[in-house]
Amino acid sequence: PYTDRYTDPGGVIMRSNSKGKSVLRLVYGRDDIDRKQPMLLMSSAGASEQGNRPYLATLDTVTGKFKVLWRSTPPRFETISTILRVDEETRLPQKVLLRREGPQEYPNFYVYDLGKSMGAFEPRESGPESKEEEAERARTKENCFAMQVTHYPHPAPQLKDVQRELIVYERKDGVRLNAVLYLPPRFKEGVDKPLPMLLWAYPREFKNAKFAGQVQDSPYRFVRIARSPLIYLALGYAILDGPQMPI
């Protein structure tokens, strides 16, 4: 695995052939030149300082260049679960089953028109997006949901408004670290009295201080109360989950 999560290119997407064997899912560009050289279809967690933002991309095996076809956009966390339909000529995905969630939104599945999305938003090389690009991608995406497949409700509506925040802090030796802070519903800082806090952590070993503080998750994931420490939110505790303790 990559120690530097921010440069991890992800994994190659596979498919089953006519004999039931897993083979590389090769795709092609739309012009004649590109069709002579297949590309790999890649899936990545999209780790960054802002948290994970999964994306789907093509990898040109000759030039080594990535082109992002689709990316999860705030304020939700999205992943592509499976490919439903591909373009007969390019083999690029056209319809996919997408899993979408938010801090107060339980994960549900949708049929997403990736072909329409790529037609409206030109694929770009991998790397951070500007705020303008991010906003445009989010606007485009909302018009590409073809159908909602599941309608799972929130399993604990009384805790729906749990507050979640990704916090970044610096150790005395200058190593930047992060953790996720959870606060009970309706808690107001500066108005309510201070809360007792439960710290839930485990030390990990890193060989490089630069990588020790890299963000491990996304602030836009659904808050799963079933996880053992978070149940204490119902008792009025604040929870500091996963503060990094590199050794």
# chains A, B, ... in the order shown; residues from 1 in each chain; ligands from 1
>>> select_by_dssp(residues="region 36-165 of chain A", states="strand (DSSP E or B)", output="number ranges by chain")
A: 39-44, 55-59, 66-71, 77-86, 93-102, 105-113, 124-125, 145-148, 163-165
>>> residues_around(residues="region 228-234 of chain A", least_positions_apart="3", cutoff="6 Å", atoms="only C-alpha atoms", output="list in words")
Pro184, Ile225 and Tyr237 of chain A
>>> residues_around(residues="Arg221 (chain A)", least_positions_apart="2", cutoff="10 Å", atoms="only C-alpha atoms", output="list in words")
Asn52, Pro75, Arg76, Phe77, Glu78, Arg100, Glu101, Gly102, Pro103, Gln104, Glu105, Tyr106, Pro107, Arg164, Asp217, Ser218, Pro219, Val223 and Arg224 of chain A
>>> closest_residue(among="A:Glu134, A:Asp192, A:Asp60, A:Asp113", to="Gly29 (chain A)", atoms="only C-alpha atoms")
A:Asp60
>>> select_by_dssp(residues="region 3-54 of chain A", states="helix (DSSP H, G or I)", output="PDB file with all heavy atoms, in the first residue's frame")
ATOM      1  N   ARG A   5      -0.773   8.681   1.055  1.00  0.00           N
ATOM      2  CA  ARG A   5      -2.131   8.473   0.558  1.00  0.00           C
ATOM      3  C   ARG A   5      -2.513   9.516  -0.484  1.00  0.00           C
ATOM      4  O   ARG A   5      -3.345   9.260  -1.360  1.00  0.00           O
ATOM      5  CB  ARG A   5      -3.127   8.512   1.721  1.00  0.00           C
ATOM      6  CG  ARG A   5      -2.900   7.448   2.763  1.00  0.00           C
ATOM      7  CD  ARG A   5      -3.967   7.459   3.848  1.00  0.00           C
ATOM      8  NE  ARG A   5      -5.225   6.926   3.348  1.00  0.00           N
ATOM      9  CZ  ARG A   5      -6.301   7.642   3.096  1.00  0.00           C
ATOM     10  NH1 ARG A   5      -6.284   8.949   3.303  1.00  0.00           N
ATOM     11  NH2 ARG A   5      -7.404   7.091   2.644  1.00  0.00           N
ATOM     12  N   TYR A   6      -1.933  10.714  -0.408  1.00  0.00           N
ATOM     13  CA  TYR A   6      -2.328  11.790  -1.308  1.00  0.00           C
ATOM     14  C   TYR A   6      -1.865  11.565  -2.749  1.00  0.00           C
ATOM     15  O   TYR A   6      -2.366  12.215  -3.665  1.00  0.00           O
ATOM     16  CB  TYR A   6      -1.783  13.129  -0.804  1.00  0.00           C
ATOM     17  CG  TYR A   6      -2.385  13.591   0.512  1.00  0.00           C
ATOM     18  CD1 TYR A   6      -1.874  14.698   1.178  1.00  0.00           C
ATOM     19  CD2 TYR A   6      -3.464  12.925   1.100  1.00  0.00           C
ATOM     20  CE1 TYR A   6      -2.418  15.130   2.375  1.00  0.00           C
ATOM     21  CE2 TYR A   6      -4.004  13.348   2.306  1.00  0.00           C
ATOM     22  CZ  TYR A   6      -3.476  14.446   2.941  1.00  0.00           C
ATOM     23  OH  TYR A   6      -4.010  14.887   4.141  1.00  0.00           O
ATOM     24  N   THR A   7      -0.890  10.690  -2.958  1.00  0.00           N
ATOM     25  CA  THR A   7      -0.429  10.404  -4.321  1.00  0.00           C
ATOM     26  C   THR A   7      -0.800   8.993  -4.765  1.00  0.00           C
ATOM     27  O   THR A   7      -0.363   8.564  -5.849  1.00  0.00           O
ATOM     28  CB  THR A   7       1.108  10.571  -4.423  1.00  0.00           C
ATOM     29  OG1 THR A   7       1.745   9.648  -3.526  1.00  0.00           O
ATOM     30  CG2 THR A   7       1.525  11.988  -4.061  1.00  0.00           C
ATOM     31  N   ASP A  32      -9.664   8.628 -33.364  1.00  0.00           N
ATOM     32  CA  ASP A  32      -9.021   7.456 -33.969  1.00  0.00           C
ATOM     33  C   ASP A  32      -7.660   7.149 -33.372  1.00  0.00           C
ATOM     34  O   ASP A  32      -7.271   5.986 -33.230  1.00  0.00           O
ATOM     35  CB  ASP A  32      -8.887   7.656 -35.491  1.00  0.00           C
ATOM     36  CG  ASP A  32     -10.239   7.646 -36.178  1.00  0.00           C
ATOM     37  OD1 ASP A  32     -11.161   7.000 -35.643  1.00  0.00           O
ATOM     38  OD2 ASP A  32     -10.367   8.279 -37.236  1.00  0.00           O
ATOM     39  N   ILE A  33      -6.890   8.202 -33.051  1.00  0.00           N
ATOM     40  CA  ILE A  33      -5.546   7.983 -32.515  1.00  0.00           C
ATOM     41  C   ILE A  33      -5.628   7.257 -31.174  1.00  0.00           C
ATOM     42  O   ILE A  33      -4.923   6.293 -30.918  1.00  0.00           O
ATOM     43  CB  ILE A  33      -4.801   9.330 -32.363  1.00  0.00           C
ATOM     44  CG1 ILE A  33      -4.602   9.971 -33.734  1.00  0.00           C
ATOM     45  CG2 ILE A  33      -3.460   9.124 -31.667  1.00  0.00           C
ATOM     46  CD1 ILE A  33      -3.964  11.344 -33.673  1.00  0.00           C
ATOM     47  N   ASP A  34      -6.527   7.724 -30.310  1.00  0.00           N
ATOM     48  CA  ASP A  34      -6.642   7.116 -28.989  1.00  0.00           C
ATOM     49  C   ASP A  34      -7.118   5.674 -29.056  1.00  0.00           C
ATOM     50  O   ASP A  34      -6.735   4.844 -28.238  1.00  0.00           O
ATOM     51  CB  ASP A  34      -7.610   7.929 -28.115  1.00  0.00           C
ATOM     52  CG  ASP A  34      -6.981   9.232 -27.629  1.00  0.00           C
ATOM     53  OD1 ASP A  34      -5.758   9.378 -27.765  1.00  0.00           O
ATOM     54  OD2 ASP A  34      -7.717  10.083 -27.139  1.00  0.00           O
ATOM     55  N   ARG A  35      -7.947   5.351 -30.021  1.00  0.00           N
ATOM     56  CA  ARG A  35      -8.518   3.999 -30.101  1.00  0.00           C
ATOM     57  C   ARG A  35      -7.458   2.935 -30.392  1.00  0.00           C
ATOM     58  O   ARG A  35      -7.666   1.759 -30.160  1.00  0.00           O
ATOM     59  CB  ARG A  35      -9.633   3.946 -31.136  1.00  0.00           C
ATOM     60  CG  ARG A  35     -10.992   4.304 -30.547  1.00  0.00           C
ATOM     61  CD  ARG A  35     -12.097   3.758 -31.430  1.00  0.00           C
ATOM     62  NE  ARG A  35     -12.149   4.422 -32.717  1.00  0.00           N
ATOM     63  CZ  ARG A  35     -12.821   5.538 -32.954  1.00  0.00           C
ATOM     64  NH1 ARG A  35     -13.487   6.119 -31.979  1.00  0.00           N
ATOM     65  NH2 ARG A  35     -12.825   6.070 -34.161  1.00  0.00           N
TER      66      ARG A  35
END
>>> atom_distance(atom1="CA of Leu177 (chain A)", atom2="CA of Ala212 (chain A)")
7.0 Å
>>> residues_around(residues="region 194-209 of chain A", least_positions_apart="6", cutoff="9 Å", atoms="only C-alpha atoms", output="list in words")
Thr3, Val175, Arg176, Leu183, Pro229, Tyr232, Gly236, Tyr237, Ala238, Ile239, Leu240, Asp241, Gly242, Pro243, Gln244, Met245, Pro246 and Ile247 of chain A
>>> closest_residue(among="A:Phe222, A:Pro185, A:Ala47, A:Glu136", to="Gln158 (chain A)", atoms="only C-alpha atoms")
A:Pro185
>>> atom_distance(atom1="CA of Thr58 (chain A)", atom2="CA of Leu41 (chain A)")
4.7 Å
>>> closest_residue(among="A:Gly10, A:Gln50, A:Lys36, A:Ser18", to="Phe66 (chain A)", atoms="only C-alpha atoms")
A:Gly10
>>> atom_distance(atom1="CA of Met39 (chain A)", atom2="CA of Phe145 (chain A)")
26.3 Å
>>> closest_residue(among="A:Arg91, A:Gly174, A:Arg186, A:Val180", to="Val162 (chain A)", atoms="only C-alpha atoms")
A:Arg186
>>> closest_residue(among="A:Arg71, A:Lys116, A:Lys160, A:His151", to="Lys95 (chain A)", atoms="only C-alpha atoms")
A:Lys116
>>> closest_residue(among="A:Pro93, A:Pro9, A:Pro155, A:Gly115", to="Leu26 (chain A)", atoms="only C-alpha atoms")
A:Pro93
